[in-house]
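S.K.: Hey, dropping entry_32.pdb in here, PDB, C-alpha atoms:
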```pdb
MODEL        1
ATOM      1  CA  MET A 198     -64.961 -47.031  62.896
ATOM      2  CA  ALA A 199     -66.297 -49.628  60.571
ATOM      3  CA  ILE A 200     -66.446 -53.299  61.377
ATOM      4  CA  GLU A 201     -66.977 -55.536  58.422
ATOM      5  CA  ARG A 202     -67.428 -58.747  60.304
ATOM      6  CA  PHE A 203     -68.209 -59.347  63.982
ATOM      7  CA  PRO A 204     -69.020 -63.033  64.322
ATOM      8  CA  VAL A 205     -70.847 -63.534  67.620
ATOM      9  CA  GLU A 206     -69.694 -66.693  69.372
ATOM     10  CA  ALA A 207     -70.998 -68.508  72.443
ATOM     11  CA  THR A 208     -67.598 -68.589  74.177
ATOM     12  CA  HIS A 209     -67.167 -64.857  73.760
ATOM     13  CA  ILE A 210     -70.628 -64.234  75.249
ATOM     14  CA  MET A 211     -69.803 -66.535  78.190
ATOM     15  CA  MET A 212     -66.536 -64.697  78.860
ATOM     16  CA  PHE A 213     -68.244 -61.325  78.595
ATOM     17  CA  ALA A 214     -71.005 -62.372  81.025
ATOM     18  CA  ARG A 215     -68.370 -63.628  83.485
ATOM     19  CA  SER A 216     -66.472 -60.359  83.240
ATOM     20  CA  ILE A 217     -69.554 -58.315  84.214
ATOM     21  CA  GLY A 218     -70.290 -60.797  87.024
ATOM     22  CA  ASP A 219     -73.678 -61.831  85.662
ATOM     23  CA  PRO A 220     -74.484 -65.492  86.463
ATOM     24  CA  ASN A 221     -77.695 -65.566  84.362
ATOM     25  CA  PRO A 222     -77.619 -68.982  82.621
ATOM     26  CA  ILE A 223     -79.150 -67.533  79.438
ATOM     27  CA  TYR A 224     -75.646 -66.265  78.619
ATOM     28  CA  ALA A 225     -73.920 -69.646  78.808
ATOM     29  CA  ASP A 226     -76.209 -72.664  79.175
ATOM     30  CA  GLU A 227     -77.655 -73.795  75.858
ATOM     31  CA  GLU A 228     -80.095 -76.246  77.397
ATOM     32  CA  TYR A 229     -81.446 -73.702  79.869
ATOM     33  CA  ALA A 230     -81.653 -71.056  77.132
ATOM     34  CA  ALA A 231     -83.725 -73.406  74.969
ATOM     35  CA  SER A 232     -86.339 -73.547  77.736
ATOM     36  CA  THR A 233     -86.779 -69.753  77.924
ATOM     37  CA  GLU A 234     -89.076 -67.360  76.077
ATOM     38  CA  VAL A 235     -86.117 -66.306  73.902
ATOM     39  CA  GLY A 236     -85.279 -69.930  73.128
ATOM     40  CA  HIS A 237     -81.526 -69.599  72.660
ATOM     41  CA  ILE A 238     -78.432 -68.050  74.192
ATOM     42  CA  ILE A 239     -78.359 -64.274  73.890
ATOM     43  CA  ALA A 240     -75.690 -61.744  74.771
ATOM     44  CA  PRO A 241     -75.890 -59.363  77.744
ATOM     45  CA  PRO A 242     -77.327 -55.934  76.856
ATOM     46  CA  THR A 243     -73.941 -54.194  76.551
ATOM     47  CA  PHE A 244     -72.155 -56.949  74.621
ATOM     48  CA  ALA A 245     -72.073 -54.974  71.355
ATOM     49  CA  GLN A 246     -69.157 -53.038  72.873
ATOM     50  CA  ALA A 247     -67.044 -56.158  72.426
ATOM     51  CA  SER A 248     -67.151 -55.398  68.707
ATOM     52  CA  ALA A 249     -63.911 -53.535  69.486
ATOM     53  CA  GLN A 250     -62.234 -56.945  69.196
ATOM     54  CA  PHE A 251     -63.147 -56.963  65.516
ATOM     55  CA  ASP A 252     -62.295 -53.357  64.686
ATOM     56  CA  PRO A 253     -58.979 -53.556  62.820
ATOM     57  CA  ASP A 254     -58.079 -49.992  63.787
ATOM     58  CA  TYR A 255     -59.200 -50.022  67.416
ATOM     59  CA  PRO A 256     -56.631 -47.827  69.184
ATOM     60  CA  LEU A 257     -56.995 -49.385  72.635
ATOM     61  CA  ARG A 258     -55.661 -52.799  71.636
ATOM     62  CA  PRO A 259     -51.932 -53.515  71.327
ATOM     63  CA  LYS A 260     -51.074 -54.368  67.733
ATOM     64  CA  ILE A 261     -48.679 -57.248  67.193
ATOM     65  CA  GLY A 262     -45.179 -55.831  66.802
ATOM     66  CA  GLY A 263     -46.429 -52.262  67.204
ATOM     67  CA  PRO A 264     -45.764 -49.655  69.890
ATOM     68  CA  TRP A 265     -47.988 -49.634  72.963
ATOM     69  CA  PHE A 266     -48.461 -46.821  75.447
ATOM     70  CA  GLY A 267     -48.871 -49.044  78.518
ATOM     71  CA  SER A 268     -45.975 -49.779  80.840
ATOM     72  CA  GLY A 269     -43.140 -52.212  80.314
ATOM     73  CA  ALA A 270     -39.679 -51.487  81.646
ATOM     74  CA  LYS A 271     -40.854 -47.870  81.924
ATOM     75  CA  PRO A 272     -44.252 -46.422  82.916
ATOM     76  CA  THR A 273     -45.113 -45.958  79.241
ATOM     77  CA  GLY A 274     -43.865 -47.748  76.185
ATOM     78  CA  ILE A 275     -44.028 -44.696  73.954
ATOM     79  CA  LYS A 276     -43.844 -40.941  74.173
ATOM     80  CA  ARG A 277     -47.348 -39.613  74.154
ATOM     81  CA  GLU A 278     -48.847 -36.167  74.007
ATOM     82  CA  SER A 279     -51.857 -37.070  76.099
ATOM     83  CA  SER A 280     -52.698 -39.751  78.612
ATOM     84  CA  GLY A 281     -54.899 -42.704  77.858
ATOM     85  CA  GLY A 282     -58.342 -41.151  77.654
ATOM     86  CA  GLY A 283     -61.536 -42.988  78.414
ATOM     87  CA  GLY A 284     -62.749 -46.472  77.721
ATOM     88  CA  GLY A 285     -65.051 -47.832  75.070
ATOM     89  CA  GLY A 286     -65.835 -46.589  71.610
ATOM     90  CA  ASN A 287     -63.085 -45.042  69.593
ATOM     91  CA  GLY A 288     -60.641 -44.051  72.296
ATOM     92  CA  GLY A 289     -59.672 -40.519  73.243
ATOM     93  CA  GLY A 290     -61.789 -38.410  75.552
ATOM     94  CA  LEU A 291     -63.707 -39.531  78.583
ATOM     95  CA  HIS A 292     -66.703 -41.727  78.101
ATOM     96  CA  ALA A 293     -69.612 -39.591  79.305
ATOM     97  CA  GLU A 294     -72.750 -41.423  78.171
ATOM     98  CA  GLN A 295     -73.791 -44.587  76.428
ATOM     99  CA  HIS A 296     -77.199 -45.447  74.998
ATOM    100  CA  PHE A 297     -78.382 -48.636  73.352
ATOM    101  CA  GLU A 298     -81.514 -49.114  71.312
ATOM    102  CA  TYR A 299     -82.428 -52.765  70.767
ATOM    103  CA  HIS A 300     -84.293 -54.039  67.769
ATOM    104  CA  ARG A 301     -83.440 -57.639  68.488
ATOM    105  CA  HIS A 302     -81.068 -59.288  70.914
ATOM    106  CA  ILE A 303     -77.935 -60.779  69.428
ATOM    107  CA  GLY A 304     -76.835 -64.353  69.950
ATOM    108  CA  PRO A 305     -74.289 -66.946  68.821
ATOM    109  CA  GLY A 306     -74.223 -67.411  65.070
ATOM    110  CA  ASP A 307     -75.041 -63.786  64.296
ATOM    111  CA  VAL A 308     -72.559 -62.065  62.040
ATOM    112  CA  LEU A 309     -72.730 -58.334  62.605
ATOM    113  CA  THR A 310     -71.444 -55.389  60.681
ATOM    114  CA  ALA A 311     -71.105 -52.004  62.319
ATOM    115  CA  THR A 312     -70.858 -48.501  60.960
ATOM    116  CA  THR A 313     -70.231 -45.413  63.019
ATOM    117  CA  ARG A 314     -71.146 -41.867  62.145
ATOM    118  CA  PRO A 315     -70.710 -38.659  64.089
ATOM    119  CA  GLY A 316     -73.781 -37.325  65.894
ATOM    120  CA  GLU A 317     -74.177 -34.032  67.682
ATOM    121  CA  THR A 318     -71.456 -31.929  69.246
ATOM    122  CA  TRP A 319     -72.228 -29.556  72.089
ATOM    123  CA  GLU A 320     -70.548 -27.529  74.773
ATOM    124  CA  LYS A 321     -71.295 -27.112  78.400
ATOM    125  CA  GLN A 322     -69.849 -24.700  80.920
ATOM    126  CA  SER A 323     -68.750 -26.437  84.102
ATOM    127  CA  LYS A 324     -67.944 -24.482  87.246
ATOM    128  CA  ARG A 325     -65.385 -27.064  88.224
ATOM    129  CA  ALA A 326     -63.718 -27.837  84.907
ATOM    130  CA  GLY A 327     -64.384 -24.895  82.566
ATOM    131  CA  LYS A 328     -65.614 -25.473  79.027
ATOM    132  CA  LEU A 329     -66.517 -29.072  78.251
ATOM    133  CA  VAL A 330     -66.953 -30.249  74.679
ATOM    134  CA  PHE A 331     -69.130 -33.305  74.104
ATOM    135  CA  ARG A 332     -69.189 -35.288  70.910
ATOM    136  CA  GLU A 333     -71.580 -38.055  70.028
ATOM    137  CA  SER A 334     -70.957 -41.026  67.779
ATOM    138  CA  ILE A 335     -73.677 -43.385  66.630
ATOM    139  CA  THR A 336     -72.935 -46.975  65.723
ATOM    140  CA  GLU A 337     -75.447 -49.145  63.934
ATOM    141  CA  TYR A 338     -75.012 -52.882  64.104
ATOM    142  CA  ARG A 339     -76.740 -55.005  61.531
ATOM    143  CA  ASP A 340     -76.990 -58.755  61.527
ATOM    144  CA  GLN A 341     -76.868 -61.108  58.564
ATOM    145  CA  ASN A 342     -80.554 -60.345  57.918
ATOM    146  CA  TRP A 343     -80.010 -56.591  58.151
ATOM    147  CA  ARG A 344     -81.950 -56.211  61.354
ATOM    148  CA  ASN A 345     -80.311 -53.616  63.471
ATOM    149  CA  HIS A 346     -79.204 -52.633  66.904
ATOM    150  CA  ARG A 347     -78.055 -49.102  67.564
ATOM    151  CA  GLU A 348     -75.782 -47.530  70.117
ATOM    152  CA  THR A 349     -74.950 -43.938  70.841
ATOM    153  CA  ASN A 350     -71.711 -43.152  72.514
ATOM    154  CA  ARG A 351     -71.283 -39.692  74.005
ATOM    155  CA  LYS A 352     -67.880 -38.558  74.965
ATOM    156  CA  LEU A 353     -66.417 -35.675  76.753
ATOM    157  CA  ARG A 354     -64.031 -34.964  73.955
ATOM    158  CA  SER A 355     -61.922 -32.190  75.261
ATOM    159  CA  ARG A 356     -61.665 -30.138  78.349
ATOM    160  CA  SER A 357     -60.318 -26.631  78.514
ATOM    161  CA  THR A 358     -60.328 -24.295  81.454
TER     162      THR A 358
ATOM    163  CA  MET B   9    -103.944 -53.282  79.853
ATOM    164  CA  SER B  10    -103.001 -55.639  82.648
ATOM    165  CA  THR B  11     -99.499 -55.941  83.914
ATOM    166  CA  THR B  12     -97.631 -57.013  87.016
ATOM    167  CA  ILE B  13     -95.434 -53.888  86.934
ATOM    168  CA  SER B  14     -96.672 -50.508  88.176
ATOM    169  CA  VAL B  15     -95.285 -47.001  88.342
ATOM    170  CA  GLY B  16     -93.305 -46.549  91.544
ATOM    171  CA  ASP B  17     -92.195 -50.187  91.839
ATOM    172  CA  THR B  18     -88.510 -50.388  92.727
ATOM    173  CA  ARG B  19     -85.892 -53.060  92.870
ATOM    174  CA  THR B  20     -82.397 -52.951  94.382
ATOM    175  CA  GLU B  21     -79.524 -55.359  93.870
ATOM    176  CA  VAL B  22     -75.893 -55.454  95.014
ATOM    177  CA  LEU B  23     -73.863 -55.787  91.805
ATOM    178  CA  VAL B  24     -70.397 -56.318  93.230
ATOM    179  CA  GLU B  25     -68.774 -56.226  96.640
ATOM    180  CA  ASP B  26     -65.157 -55.100  96.968
ATOM    181  CA  LEU B  27     -64.506 -54.844  93.211
ATOM    182  CA  LYS B  28     -61.272 -56.613  92.336
ATOM    183  CA  ARG B  29     -58.620 -55.441  89.886
ATOM    184  CA  THR B  30     -58.753 -58.893  88.326
ATOM    185  CA  GLN B  31     -62.349 -58.222  87.275
ATOM    186  CA  LEU B  32     -61.109 -55.166  85.375
ATOM    187  CA  VAL B  33     -58.620 -57.467  83.623
ATOM    188  CA  GLN B  34     -61.460 -59.882  82.801
ATOM    189  CA  TYR B  35     -63.546 -57.068  81.362
ATOM    190  CA  ALA B  36     -60.618 -55.740  79.335
ATOM    191  CA  GLY B  37     -60.070 -59.178  77.837
ATOM    192  CA  ALA B  38     -63.724 -59.851  77.062
ATOM    193  CA  SER B  39     -64.633 -56.401  75.733
ATOM    194  CA  GLY B  40     -61.386 -55.740  73.887
ATOM    195  CA  ASP B  41     -60.912 -52.382  75.627
ATOM    196  CA  TYR B  42     -57.293 -52.737  76.752
ATOM    197  CA  ASN B  43     -56.859 -49.125  77.810
ATOM    198  CA  PRO B  44     -54.014 -49.315  80.380
ATOM    199  CA  LEU B  45     -55.984 -46.942  82.635
ATOM    200  CA  HIS B  46     -57.997 -49.976  83.697
ATOM    201  CA  THR B  47     -55.302 -52.599  84.167
ATOM    202  CA  ASP B  48     -51.863 -50.979  84.305
ATOM    203  CA  ASP B  49     -51.316 -49.308  87.661
ATOM    204  CA  LEU B  50     -47.818 -48.040  86.867
ATOM    205  CA  PHE B  51     -48.985 -46.279  83.704
ATOM    206  CA  THR B  52     -52.126 -44.951  85.367
ATOM    207  CA  ARG B  53     -50.279 -43.420  88.307
ATOM    208  CA  GLU B  54     -47.122 -42.171  86.667
ATOM    209  CA  VAL B  55     -48.244 -41.217  83.170
ATOM    210  CA  ALA B  56     -51.966 -40.523  83.439
ATOM    211  CA  GLY B  57     -51.821 -39.018  86.939
ATOM    212  CA  TYR B  58     -54.685 -40.931  88.560
ATOM    213  CA  PRO B  59     -54.370 -42.578  92.001
ATOM    214  CA  GLY B  60     -54.531 -45.983  90.332
ATOM    215  CA  VAL B  61     -56.466 -48.101  87.855
ATOM    216  CA  PHE B  62     -60.223 -47.588  87.719
ATOM    217  CA  ALA B  63     -63.109 -49.485  86.170
ATOM    218  CA  HIS B  64     -64.209 -49.158  82.557
ATOM    219  CA  GLY B  65     -67.440 -47.132  82.491
ATOM    220  CA  MET B  66     -68.823 -49.899  80.317
ATOM    221  CA  LEU B  67     -68.070 -52.463  83.029
ATOM    222  CA  THR B  68     -70.308 -50.533  85.419
ATOM    223  CA  MET B  69     -72.970 -50.203  82.725
ATOM    224  CA  GLY B  70     -72.657 -53.923  82.001
ATOM    225  CA  MET B  71     -72.998 -54.859  85.670
ATOM    226  CA  THR B  72     -75.940 -52.474  86.082
ATOM    227  CA  GLY B  73     -77.844 -54.178  83.242
ATOM    228  CA  ARG B  74     -78.651 -57.022  85.616
ATOM    229  CA  ILE B  75     -81.031 -54.894  87.635
ATOM    230  CA  LEU B  76     -83.189 -54.720  84.492
ATOM    231  CA  THR B  77     -82.767 -58.177  82.989
ATOM    232  CA  ASP B  78     -83.267 -59.917  86.373
ATOM    233  CA  TRP B  79     -86.515 -57.964  86.663
ATOM    234  CA  VAL B  80     -88.123 -57.892  83.220
ATOM    235  CA  GLY B  81     -86.624 -61.101  81.858
ATOM    236  CA  ASP B  82     -84.255 -61.855  79.016
ATOM    237  CA  GLY B  83     -84.421 -60.283  75.578
ATOM    238  CA  ARG B  84     -87.006 -57.707  76.629
ATOM    239  CA  LEU B  85     -85.033 -54.488  76.809
ATOM    240  CA  THR B  86     -85.823 -51.987  74.080
ATOM    241  CA  ASN B  87     -83.610 -49.123  75.300
ATOM    242  CA  TYR B  88     -80.853 -48.792  77.847
ATOM    243  CA  GLY B  89     -78.794 -45.649  78.389
ATOM    244  CA  VAL B  90     -76.587 -44.259  81.125
ATOM    245  CA  ARG B  91     -74.406 -41.324  82.050
ATOM    246  CA  PHE B  92     -71.122 -42.001  83.780
ATOM    247  CA  VAL B  93     -71.182 -39.567  86.674
ATOM    248  CA  ASN B  94     -68.339 -40.746  88.908
ATOM    249  CA  GLN B  95     -65.409 -43.119  88.631
ATOM    250  CA  VAL B  96     -65.497 -46.641  90.023
ATOM    251  CA  TRP B  97     -62.393 -47.866  91.843
ATOM    252  CA  PRO B  98     -61.114 -51.282  92.940
ATOM    253  CA  GLY B  99     -62.564 -51.985  96.376
ATOM    254  CA  ASP B 100     -65.897 -50.350  95.557
ATOM    255  CA  THR B 101     -69.187 -52.037  96.403
ATOM    256  CA  LEU B 102     -71.888 -51.139  93.891
ATOM    257  CA  THR B 103     -75.635 -51.270  94.379
ATOM    258  CA  ALA B 104     -78.145 -50.656  91.596
ATOM    259  CA  THR B 105     -81.711 -49.464  91.993
ATOM    260  CA  ALA B 106     -84.314 -49.320  89.242
ATOM    261  CA  GLU B 107     -87.707 -47.648  89.492
ATOM    262  CA  VAL B 108     -90.657 -47.867  87.131
ATOM    263  CA  THR B 109     -91.460 -44.356  85.898
ATOM    264  CA  ALA B 110     -94.157 -45.147  83.315
ATOM    265  CA  VAL B 111     -96.109 -48.054  81.869
ATOM    266  CA  ASN B 112     -97.654 -47.548  78.431
ATOM    267  CA  GLU B 113     -99.233 -49.597  75.723
ATOM    268  CA  VAL B 114     -97.325 -49.089  72.467
ATOM    269  CA  ASP B 115     -98.400 -50.919  69.292
ATOM    270  CA  GLY B 116    -100.128 -53.611  71.307
ATOM    271  CA  GLU B 117     -97.161 -54.191  73.627
ATOM    272  CA  ILE B 118     -96.812 -53.045  77.208
ATOM    273  CA  ILE B 119     -93.656 -50.993  77.603
ATOM    274  CA  ALA B 120     -92.325 -50.057  81.038
ATOM    275  CA  GLU B 121     -89.925 -47.156  81.477
ATOM    276  CA  PHE B 122     -87.318 -47.234  84.225
ATOM    277  CA  SER B 123     -84.954 -44.845  85.918
ATOM    278  CA  ILE B 124     -81.733 -46.419  87.136
ATOM    279  CA  VAL B 125     -79.026 -45.395  89.536
ATOM    280  CA  THR B 126     -75.958 -47.298  90.693
ATOM    281  CA  VAL B 127     -74.231 -46.029  93.805
ATOM    282  CA  ASN B 128     -70.990 -46.923  95.552
ATOM    283  CA  GLN B 129     -70.470 -47.783  99.233
ATOM    284  CA  ASN B 130     -70.570 -44.054 100.092
ATOM    285  CA  ASP B 131     -73.963 -43.706  98.405
ATOM    286  CA  VAL B 132     -72.365 -41.631  95.630
ATOM    287  CA  PRO B 133     -73.965 -42.265  92.211
ATOM    288  CA  VAL B 134     -71.557 -43.712  89.636
ATOM    289  CA  VAL B 135     -74.028 -44.194  86.802
ATOM    290  CA  THR B 136     -77.531 -42.851  86.287
ATOM    291  CA  GLY B 137     -79.769 -43.779  83.422
ATOM    292  CA  THR B 138     -83.019 -44.858  81.885
ATOM    293  CA  ALA B 139     -84.315 -47.948  80.163
ATOM    294  CA  SER B 140     -87.452 -49.333  78.615
ATOM    295  CA  ALA B 141     -88.602 -52.900  78.232
ATOM    296  CA  ARG B 142     -91.492 -55.028  77.071
ATOM    297  CA  VAL B 143     -93.317 -56.396  80.085
ATOM    298  CA  ASP B 144     -96.233 -58.747  80.632
TER     299      ASP B 144
ENDMDL
END
```
Just give me the structure as structure tokens.
M.R.:
Amino acid sequence: MAIERFPVEATHIMMFARSIGDPNPIYADEEYAASTEVGHIIAPPTFAQASAQFDPDYPLRPKIGGPWFGSGAKPTGIKRESSGGGGGGNGGGLHAEQHFEYHRHIGPGDVLTATTRPGETWEKQSKRAGKLVFRESITEYRDQNWRNHRETNRKLRSRST
Amino acid sequence: MSTTISVGDTRTEVLVEDLKRTQLVQYAGASGDYNPLHTDDLFTREVAGYPGVFAHGMLTMGMTGRILTDWVGDGRLTNYGVRFVNQVWPGDTLTATAEVTAVNEVDGEIIAEFSIVTVNQNDVPVVTGTASARVD
């Protein structure tokens, strides 16, 4: 995944804060935000995930005119080898862990770029599910001034019994 | 080093009562994660083989963030990480608890470390994690 341009907008932050049920006015009220220590609207701590909206290849978004695996007339719109997989990140696998490291908190007007690289891969033996394979991906977000914000996404990539 | 936060302090907050499917739709729209597993019951039951739609892990992590930001204040988190240990279903009521596990002075700033757990109405953990934040 590489995102060349993730413009952070106040409306998007407001909608994201609503969706996680967080009424904190720092996410929506400019006047209130100006009176705080931060001094301006910021995004909730997990907002960087919404960068998926700006990933041209994000597999968990229907593409205009393209096939989509969700239901229409039938339970799935396409023939698929595997079911949907987990949420977040790059799609495929179950989302097992998520870690954020904050260098500064993003707000409206920031224009972020994101690059993702693979991290560690490891296996774990589970009594219940057999061999579990975990794979990590690390995404670094940089703002227009090249200050960064990092997230690590750990997924249960495959499961074999 | 003087601070208002000490090791062992805890805070608990109800994040959501009777989680609605519509909130999963809201989160899908805001985050851009349109995986049908979270919004498309027909697909989720008949193709994916689950009892029905379930919450994005990142929705639970997003909701859980409040336990920290309501406590330490805005823009003060330095790390926040969780493991997704059980699925969250529509109808669930989630309660988050954070506990201070350490308070240290790092480069002239006071940094508190937290352990976090969010449980459902049956007291089953759905996410567990850790965080750190600048505190006064």
S.K.: Taking only C-alpha atoms into account, produce a table as CSV in which each residue of chain A with an atom at most 6 Å from an atom of chain B appears once, together with its shortest atom pair and the distance in Å to one decimal, ordered by chain and rising number.
M.R.:
```
residue,atom,partner,partner_atom,distance
A:Met212,CA,B:Ala38,CA,5.9
A:Phe213,CA,B:Ala38,CA,5.0
A:Ser216,CA,B:Tyr35,CA,4.8
A:Ile217,CA,B:Met71,CA,5.1
A:Thr243,CA,B:Gly70,CA,5.6
A:Ala247,CA,B:Ser39,CA,4.1
A:Ala249,CA,B:Gly40,CA,5.5
A:Gln250,CA,B:Gly40,CA,4.9
A:Leu257,CA,B:Asn43,CA,5.2
A:Arg258,CA,B:Tyr42,CA,5.4
A:Gly267,CA,B:Pro44,CA,5.5
A:Ser268,CA,B:Phe51,CA,5.4
A:Pro272,CA,B:Phe51,CA,4.8
A:Thr273,CA,B:Phe51,CA,5.9
A:Ser280,CA,B:Ala56,CA,4.9
A:Gly284,CA,B:His64,CA,5.7
A:Ala293,CA,B:Phe92,CA,5.3
A:Glu294,CA,B:Arg91,CA,4.2
A:Gln295,CA,B:Val90,CA,5.5
A:His296,CA,B:Gly89,CA,3.8
A:Phe297,CA,B:Tyr88,CA,5.1
A:Glu298,CA,B:Asn87,CA,4.5
A:Tyr299,CA,B:Thr86,CA,4.8
A:His302,CA,B:Gly83,CA,5.8
```
S.K.: Set the distance at 7 Å and use only C-alpha atoms: which residues neighbour Val108 in chain B once local chain neighbours fewer than 4 positions away are removed? I'd like the list as an mmCIF file with C-alpha atoms, keeping the file's coordinate frame.
M.R.:
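This went into part_23.cif:
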```
data_model
loop_
_atom_site.group_PDB
_atom_site.id
_atom_site.type_symbol
_atom_site.label_atom_id
_atom_site.label_comp_id
_atom_site.auth_asym_id
_atom_site.auth_seq_id
_atom_site.Cartn_x
_atom_site.Cartn_y
_atom_site.Cartn_z
ATOM 1 C CA SER B 14 -96.672 -50.508 88.176
ATOM 2 C CA VAL B 15 -95.285 -47.001 88.342
ATOM 3 C CA GLY B 16 -93.305 -46.549 91.544
ATOM 4 C CA ASP B 17 -92.195 -50.187 91.839
ATOM 5 C CA THR B 18 -88.510 -50.388 92.727
ATOM 6 C CA ALA B 120 -92.325 -50.057 81.038
ATOM 7 C CA GLU B 121 -89.925 -47.156 81.477
ATOM 8 C CA PHE B 122 -87.318 -47.234 84.225
ATOM 9 C CA SER B 123 -84.954 -44.845 85.918
#
```
S.K.: Quick check, in Å to one decimal: how far apart do CA of Pro315 in chain A and CA of Phe203 in chain A lie?
M.R.: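 So the answer is 20.8 Å.
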S.K.: Taking (-72.0, -49.7, 98.3) in the file's coordinates, which residues come within 8 Å, counting only C-alpha atoms, written as a PyMOL selection string?
M.R.: chain B and resi 22+25+100-103+127-131
S.K.: Which residues are near range 112-117 of chain B? Cut-off 9 Å, all atoms listed in the file, ignore same chain within fewer than 4 positions. Put them as JSON, numbers by chain.
M.R.: {"B": [9, 121, 142, 143, 144]}
S.K.: Please report the interatomic distance between CA of Thr336 in chain A and CA of Pro256 in chain A in Å with one decimal.
M.R.: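 The value is 16.7 Å.
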S.K.: Pick out the residues sitting within 7 Å of range 317-322 of chain A, and hand them over as an MDAnalysis selection string; count all atoms listed in the file, and ignore anything fewer than 3 positions along from it in its own chain.
M.R.: chainID A and resid 327:333
S.K.: With the file shown as input, list the residues that the PyMOL selection byres ((chain B and resi 98) around 9) selects, as a PDB file with C-alpha atoms, in the frame of the given file.
M.R.:
```
ATOM      1  CA  ASP B  26     -65.157 -55.100  96.968  1.00  0.00           C
ATOM      2  CA  LEU B  27     -64.506 -54.844  93.211  1.00  0.00           C
ATOM      3  CA  LYS B  28     -61.272 -56.613  92.336  1.00  0.00           C
ATOM      4  CA  ARG B  29     -58.620 -55.441  89.886  1.00  0.00           C
ATOM      5  CA  LEU B  32     -61.109 -55.166  85.375  1.00  0.00           C
ATOM      6  CA  GLY B  60     -54.531 -45.983  90.332  1.00  0.00           C
ATOM      7  CA  VAL B  61     -56.466 -48.101  87.855  1.00  0.00           C
ATOM      8  CA  PHE B  62     -60.223 -47.588  87.719  1.00  0.00           C
ATOM      9  CA  ALA B  63     -63.109 -49.485  86.170  1.00  0.00           C
ATOM     10  CA  VAL B  96     -65.497 -46.641  90.023  1.00  0.00           C
ATOM     11  CA  TRP B  97     -62.393 -47.866  91.843  1.00  0.00           C
ATOM     12  CA  GLY B  99     -62.564 -51.985  96.376  1.00  0.00           C
ATOM     13  CA  ASP B 100     -65.897 -50.350  95.557  1.00  0.00           C
ATOM     14  CA  THR B 101     -69.187 -52.037  96.403  1.00  0.00           C
TER      15      THR B 101
END
```
S.K.: In Å, with one decimal, what is the gap from CA of Glu227 in chain A to CA of Ile210 in chain A?
M.R.: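 About the pair CA of Glu227 in chain A and CA of Ile210 in chain A: they are 11.9 Å apart.
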S.K.: Within 7 Å of Thr20 in chain B, counting all atoms listed in the file, which residues show up once you throw out same-chain ones fewer than 3 positions away? Write them as a JSON list (two decimals) with C-alpha atoms, in the coordinates of the input, please.
M.R.:
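Produced file result.json, reproduced below:
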```
[["chain", "number", "residue", "atom", "x", "y", "z"],
["B", 103, "THR", "CA", -75.64, -51.27, 94.38],
["B", 104, "ALA", "CA", -78.14, -50.66, 91.60],
["B", 105, "THR", "CA", -81.71, -49.46, 91.99],
["B", 106, "ALA", "CA", -84.31, -49.32, 89.24]]
```
S.K.: Each side padded by 5 Å, which centre and which edge lengths in Å (one decimal) define the axis-aligned box around the listed atoms of range 52-67 of chain B? Give them as AutoDock Vina command-line options.
M.R.:
```
--center_x -58.0 --center_y -45.7 --center_z 86.2 --size_x 31.7 --size_y 23.4 --size_z 21.7
```
S.K.: List the residues selected by the PyMOL selection byres ((chain A and resi 264) around 7) in the file shown, writing them as a list in words.
M.R.: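 That expression, the PyMOL selection byres ((chain A and resi 264) around 7), corresponds here to Gly262, Gly263, Trp265, Phe266, Gly274 and Ile275 of chain A.
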S.K.: Restricting it to C-alpha atoms, dump the selection as a PDB file, keeping the file's coordinate frame.
M.R.:
```
ATOM      1  CA  GLY A 262     -45.179 -55.831  66.802  1.00  0.00           C
ATOM      2  CA  GLY A 263     -46.429 -52.262  67.204  1.00  0.00           C
ATOM      3  CA  TRP A 265     -47.988 -49.634  72.963  1.00  0.00           C
ATOM      4  CA  PHE A 266     -48.461 -46.821  75.447  1.00  0.00           C
ATOM      5  CA  GLY A 274     -43.865 -47.748  76.185  1.00  0.00           C
ATOM      6  CA  ILE A 275     -44.028 -44.696  73.954  1.00  0.00           C
TER       7      ILE A 275
END
```
S.K.: So what does the PyMOL selection byres ((chain A and resi 304-312) around 10) actually pick up in this one, as a ChimeraX atom specification?
M.R.: /A:198-210,224,237-241,244-245,248,251-252,301-303,313-314,335-347
